[in-house]
Amino acid sequence: MKVPLTRSATGSGAVDSFSYTVGGATINVPTGCFLTHSIKGSGKKISSQIAGVDCVGLAAIGTRFCNTRLEFHYADTAGKTYKIMRGPLNTTCKTGTVPTYKIGARELPKYGKACAQLFVNGKRRAVQCHFITK
């Protein structure tokens, strides 16, 4: 009997600097923030997946994230998105972080990639992906 190998992957991608407006105030997000995405499982079976945003240095004390949402997007090997799992909309502002979004076990219908996406005030600001192969 062949025992499936449990695999995991974690990666971080930089959130580019940007500005946005909330309630008439302009908020600047400098460099120094990162979207981190971790996935555990084997093949198309995912045991857990989590994503979050953290900032370092001056960005950790000077960055405010308001109206944020983390999402998991799943695409087949041709790059066509076939499923989106949306986390809750965080309407309160957080300094230097975005609350994590975590989901439990599931089996994907196709090989391809799983991506975490960060949305701030309705606009996509960062993406971090892992390929899921045989």
# chains A, B, ... in the order shown; residues from 1 in each chain; ligands from 1

call {"tool": "residues_around", "arguments": {"residues": "Arg69 (chain A)", "least_positions_apart": "5", "cutoff": "7 Å", "atoms": "only C-alpha atoms", "output": "PyMOL selection string"}}
result
chain A and resi 87-90+118-120

call {"tool": "write_last_selection", "arguments": {"atoms": "C-alpha atoms", "output": "compact mmCIF listing (two decimals), in the first residue's frame"}}
result
# COMPACT_ATOMS: atom_id res chain seq x y z
CA GLY A 87 -13.05 35.46 3.27
CA PRO A 88 -15.03 37.95 5.34
CA LEU A 89 -14.89 41.66 4.59
CA ASN A 90 -12.95 43.31 7.42
CA LEU A 118 -5.51 40.53 -1.04
CA PHE A 119 -8.21 43.11 -1.74
CA VAL A 120 -8.11 46.53 -0.08

call {"tool": "residues_around", "arguments": {"residues": "Phe34 (chain A)", "least_positions_apart": "2", "cutoff": "9 Å", "atoms": "only C-alpha atoms", "output": "list in words"}}
result
Ser12, Gly13, Ala14, Val15, Asp16, Thr31, Gly32, Thr36, Gly52, Val53, Asp54, Cys55, Val56 and Ala126 of chain A

call {"tool": "write_last_selection", "arguments": {"atoms": "C-alpha atoms", "output": "tab-separated table (two decimals), in the first residue's frame"}}
result
chain	number	residue	atom	x	y	z
A	12	SER	CA	5.28	35.48	0.69
A	13	GLY	CA	4.95	38.19	-1.88
A	14	ALA	CA	5.52	41.91	-1.43
A	15	VAL	CA	2.52	44.22	-1.40
A	16	ASP	CA	3.40	47.11	-3.71
A	31	THR	CA	6.69	49.19	0.94
A	32	GLY	CA	7.36	46.71	3.72
A	36	THR	CA	1.89	35.19	3.10
A	52	GLY	CA	-2.49	36.86	6.00
A	53	VAL	CA	-0.67	40.15	5.66
A	54	ASP	CA	2.02	41.51	7.93
A	55	CYS	CA	4.29	44.53	7.71
A	56	VAL	CA	7.85	45.05	8.93
A	126	ALA	CA	-1.35	41.38	-4.02

call {"tool": "closest_residue", "arguments": {"among": "A:Arg106, A:Val22, A:Phe72, A:Lys113", "to": "Lys45 (chain A)", "atoms": "only C-alpha atoms"}}
result
A:Arg106

call {"tool": "closest_residue", "arguments": {"among": "A:Ser19, A:Arg64, A:Ala9, A:Ser42", "to": "Val98 (chain A)", "atoms": "only C-alpha atoms"}}
result
A:Arg64

call {"tool": "residues_around", "arguments": {"residues": "Pro109 (chain A)", "least_positions_apart": "6", "cutoff": "12 Å", "atoms": "only C-alpha atoms", "output": "list in words"}}
result
Gly43, Lys44, Lys45, Ile46, Tyr74, Ala75, Asp76, Thr77, Tyr82, Lys83 and Ile132 of chain A

call {"tool": "write_last_selection", "arguments": {"atoms": "C-alpha atoms", "output": "PDB file, in the first residue's frame"}}
result
ATOM      1  CA  GLY A  43      -2.077  16.183  -4.551  1.00  0.00           C
ATOM      2  CA  LYS A  44      -5.577  17.598  -4.958  1.00  0.00           C
ATOM      3  CA  LYS A  45      -6.384  17.006  -1.273  1.00  0.00           C
ATOM      4  CA  ILE A  46      -5.869  20.122   0.819  1.00  0.00           C
ATOM      5  CA  TYR A  74      -8.246  28.028  -7.784  1.00  0.00           C
ATOM      6  CA  ALA A  75      -7.299  27.637 -11.445  1.00  0.00           C
ATOM      7  CA  ASP A  76      -6.770  24.631 -13.708  1.00  0.00           C
ATOM      8  CA  THR A  77      -3.536  23.901 -15.594  1.00  0.00           C
ATOM      9  CA  TYR A  82     -12.882  27.616 -11.543  1.00  0.00           C
ATOM     10  CA  LYS A  83     -13.503  28.416  -7.856  1.00  0.00           C
ATOM     11  CA  ILE A 132      -0.706  21.881  -7.333  1.00  0.00           C
TER      12      ILE A 132
END

call {"tool": "decode", "arguments": {"residues": "region 64-101 of chain A", "atoms": "N, CA and C atoms", "output": "PDB file, in the first residue's frame"}}
result
ATOM      1  N   ARG A  64      -2.076  51.438   7.623  1.00  0.00           N
ATOM      2  CA  ARG A  64      -3.436  51.073   8.036  1.00  0.00           C
ATOM      3  C   ARG A  64      -4.125  50.390   6.860  1.00  0.00           C
ATOM      4  N   PHE A  65      -4.706  49.237   7.149  1.00  0.00           N
ATOM      5  CA  PHE A  65      -5.483  48.511   6.151  1.00  0.00           C
ATOM      6  C   PHE A  65      -6.950  48.581   6.556  1.00  0.00           C
ATOM      7  N   CYS A  66      -7.782  49.145   5.683  1.00  0.00           N
ATOM      8  CA  CYS A  66      -9.220  49.269   5.937  1.00  0.00           C
ATOM      9  C   CYS A  66      -9.982  48.575   4.807  1.00  0.00           C
ATOM     10  N   ASN A  67     -11.136  48.016   5.136  1.00  0.00           N
ATOM     11  CA  ASN A  67     -11.980  47.355   4.135  1.00  0.00           C
ATOM     12  C   ASN A  67     -11.202  46.301   3.352  1.00  0.00           C
ATOM     13  N   THR A  68     -10.688  45.320   4.070  1.00  0.00           N
ATOM     14  CA  THR A  68      -9.862  44.289   3.441  1.00  0.00           C
ATOM     15  C   THR A  68     -10.618  42.967   3.318  1.00  0.00           C
ATOM     16  N   ARG A  69     -10.175  42.181   2.358  1.00  0.00           N
ATOM     17  CA  ARG A  69     -10.692  40.829   2.181  1.00  0.00           C
ATOM     18  C   ARG A  69      -9.567  39.973   1.593  1.00  0.00           C
ATOM     19  N   LEU A  70      -9.423  38.761   2.129  1.00  0.00           N
ATOM     20  CA  LEU A  70      -8.523  37.768   1.549  1.00  0.00           C
ATOM     21  C   LEU A  70      -9.381  36.723   0.852  1.00  0.00           C
ATOM     22  N   GLU A  71      -8.909  36.260  -0.302  1.00  0.00           N
ATOM     23  CA  GLU A  71      -9.633  35.260  -1.078  1.00  0.00           C
ATOM     24  C   GLU A  71      -8.669  34.183  -1.544  1.00  0.00           C
ATOM     25  N   PHE A  72      -9.202  32.962  -1.729  1.00  0.00           N
ATOM     26  CA  PHE A  72      -8.442  31.883  -2.355  1.00  0.00           C
ATOM     27  C   PHE A  72      -9.060  31.634  -3.724  1.00  0.00           C
ATOM     28  N   HIS A  73      -8.215  31.670  -4.746  1.00  0.00           N
ATOM     29  CA  HIS A  73      -8.647  31.423  -6.125  1.00  0.00           C
ATOM     30  C   HIS A  73      -7.974  30.147  -6.610  1.00  0.00           C
ATOM     31  N   TYR A  74      -8.747  29.300  -7.274  1.00  0.00           N
ATOM     32  CA  TYR A  74      -8.246  28.028  -7.784  1.00  0.00           C
ATOM     33  C   TYR A  74      -8.385  28.027  -9.299  1.00  0.00           C
ATOM     34  N   ALA A  75      -7.307  27.659  -9.983  1.00  0.00           N
ATOM     35  CA  ALA A  75      -7.299  27.637 -11.445  1.00  0.00           C
ATOM     36  C   ALA A  75      -6.788  26.291 -11.931  1.00  0.00           C
ATOM     37  N   ASP A  76      -7.243  25.885 -13.118  1.00  0.00           N
ATOM     38  CA  ASP A  76      -6.770  24.631 -13.708  1.00  0.00           C
ATOM     39  C   ASP A  76      -5.412  24.850 -14.365  1.00  0.00           C
ATOM     40  N   THR A  77      -4.883  23.811 -15.002  1.00  0.00           N
ATOM     41  CA  THR A  77      -3.536  23.901 -15.594  1.00  0.00           C
ATOM     42  C   THR A  77      -3.481  24.861 -16.784  1.00  0.00           C
ATOM     43  N   ALA A  78      -4.633  25.222 -17.337  1.00  0.00           N
ATOM     44  CA  ALA A  78      -4.683  26.203 -18.421  1.00  0.00           C
ATOM     45  C   ALA A  78      -4.805  27.625 -17.877  1.00  0.00           C
ATOM     46  N   GLY A  79      -4.873  27.770 -16.549  1.00  0.00           N
ATOM     47  CA  GLY A  79      -4.960  29.092 -15.931  1.00  0.00           C
ATOM     48  C   GLY A  79      -6.373  29.617 -15.781  1.00  0.00           C
ATOM     49  N   LYS A  80      -7.384  28.799 -16.088  1.00  0.00           N
ATOM     50  CA  LYS A  80      -8.782  29.236 -15.965  1.00  0.00           C
ATOM     51  C   LYS A  80      -9.267  29.048 -14.530  1.00  0.00           C
ATOM     52  N   THR A  81      -9.679  30.147 -13.901  1.00  0.00           N
ATOM     53  CA  THR A  81     -10.195  30.094 -12.533  1.00  0.00           C
ATOM     54  C   THR A  81     -11.527  29.365 -12.519  1.00  0.00           C
ATOM     55  N   TYR A  82     -11.638  28.368 -11.629  1.00  0.00           N
ATOM     56  CA  TYR A  82     -12.882  27.616 -11.543  1.00  0.00           C
ATOM     57  C   TYR A  82     -13.558  27.729 -10.174  1.00  0.00           C
ATOM     58  N   LYS A  83     -12.876  28.279  -9.177  1.00  0.00           N
ATOM     59  CA  LYS A  83     -13.503  28.416  -7.856  1.00  0.00           C
ATOM     60  C   LYS A  83     -12.834  29.557  -7.100  1.00  0.00           C
ATOM     61  N   ILE A  84     -13.655  30.302  -6.366  1.00  0.00           N
ATOM     62  CA  ILE A  84     -13.170  31.388  -5.508  1.00  0.00           C
ATOM     63  C   ILE A  84     -13.805  31.216  -4.134  1.00  0.00           C
ATOM     64  N   MET A  85     -12.958  31.225  -3.108  1.00  0.00           N
ATOM     65  CA  MET A  85     -13.426  31.171  -1.713  1.00  0.00           C
ATOM     66  C   MET A  85     -13.121  32.547  -1.104  1.00  0.00           C
ATOM     67  N   ARG A  86     -14.167  33.297  -0.816  1.00  0.00           N
ATOM     68  CA  ARG A  86     -13.997  34.658  -0.288  1.00  0.00           C
ATOM     69  C   ARG A  86     -14.047  34.650   1.238  1.00  0.00           C
ATOM     70  N   GLY A  87     -13.044  35.276   1.831  1.00  0.00           N
ATOM     71  CA  GLY A  87     -13.048  35.460   3.273  1.00  0.00           C
ATOM     72  C   GLY A  87     -13.972  36.609   3.635  1.00  0.00           C
ATOM     73  N   PRO A  88     -14.136  36.855   4.917  1.00  0.00           N
ATOM     74  CA  PRO A  88     -15.025  37.945   5.340  1.00  0.00           C
ATOM     75  C   PRO A  88     -14.443  39.314   5.005  1.00  0.00           C
ATOM     76  N   LEU A  89     -15.321  40.271   4.785  1.00  0.00           N
ATOM     77  CA  LEU A  89     -14.893  41.657   4.590  1.00  0.00           C
ATOM     78  C   LEU A  89     -14.602  42.235   5.966  1.00  0.00           C
ATOM     79  N   ASN A  90     -13.375  42.696   6.152  1.00  0.00           N
ATOM     80  CA  ASN A  90     -12.954  43.306   7.420  1.00  0.00           C
ATOM     81  C   ASN A  90     -13.154  44.811   7.295  1.00  0.00           C
ATOM     82  N   THR A  91     -14.227  45.316   7.889  1.00  0.00           N
ATOM     83  CA  THR A  91     -14.563  46.727   7.717  1.00  0.00           C
ATOM     84  C   THR A  91     -13.835  47.642   8.696  1.00  0.00           C
ATOM     85  N   THR A  92     -13.268  47.070   9.749  1.00  0.00           N
ATOM     86  CA  THR A  92     -12.487  47.898  10.672  1.00  0.00           C
ATOM     87  C   THR A  92     -11.065  48.032  10.147  1.00  0.00           C
ATOM     88  N   CYS A  93     -10.394  49.069  10.556  1.00  0.00           N
ATOM     89  CA  CYS A  93      -9.014  49.305  10.123  1.00  0.00           C
ATOM     90  C   CYS A  93      -8.042  48.643  11.099  1.00  0.00           C
ATOM     91  N   LYS A  94      -6.996  48.043  10.558  1.00  0.00           N
ATOM     92  CA  LYS A  94      -5.941  47.416  11.354  1.00  0.00           C
ATOM     93  C   LYS A  94      -4.609  48.061  10.984  1.00  0.00           C
ATOM     94  N   THR A  95      -3.752  48.223  11.969  1.00  0.00           N
ATOM     95  CA  THR A  95      -2.428  48.799  11.726  1.00  0.00           C
ATOM     96  C   THR A  95      -1.412  47.686  11.539  1.00  0.00           C
ATOM     97  N   GLY A  96      -0.731  47.704  10.381  1.00  0.00           N
ATOM     98  CA  GLY A  96       0.379  46.791  10.118  1.00  0.00           C
ATOM     99  C   GLY A  96       0.002  45.350   9.849  1.00  0.00           C
ATOM    100  N   THR A  97      -1.295  45.039   9.682  1.00  0.00           N
ATOM    101  CA  THR A  97      -1.686  43.652   9.446  1.00  0.00           C
ATOM    102  C   THR A  97      -3.079  43.589   8.826  1.00  0.00           C
ATOM    103  N   VAL A  98      -3.375  42.438   8.255  1.00  0.00           N
ATOM    104  CA  VAL A  98      -4.723  42.098   7.794  1.00  0.00           C
ATOM    105  C   VAL A  98      -5.054  40.779   8.474  1.00  0.00           C
ATOM    106  N   PRO A  99      -6.249  40.654   9.070  1.00  0.00           N
ATOM    107  CA  PRO A  99      -6.590  39.390   9.737  1.00  0.00           C
ATOM    108  C   PRO A  99      -6.458  38.191   8.804  1.00  0.00           C
ATOM    109  N   THR A 100      -5.988  37.092   9.348  1.00  0.00           N
ATOM    110  CA  THR A 100      -5.780  35.897   8.538  1.00  0.00           C
ATOM    111  C   THR A 100      -7.110  35.289   8.104  1.00  0.00           C
ATOM    112  N   TYR A 101      -7.038  34.567   7.004  1.00  0.00           N
ATOM    113  CA  TYR A 101      -8.187  33.817   6.493  1.00  0.00           C
ATOM    114  C   TYR A 101      -7.729  32.381   6.365  1.00  0.00           C
TER     115      TYR A 101
END
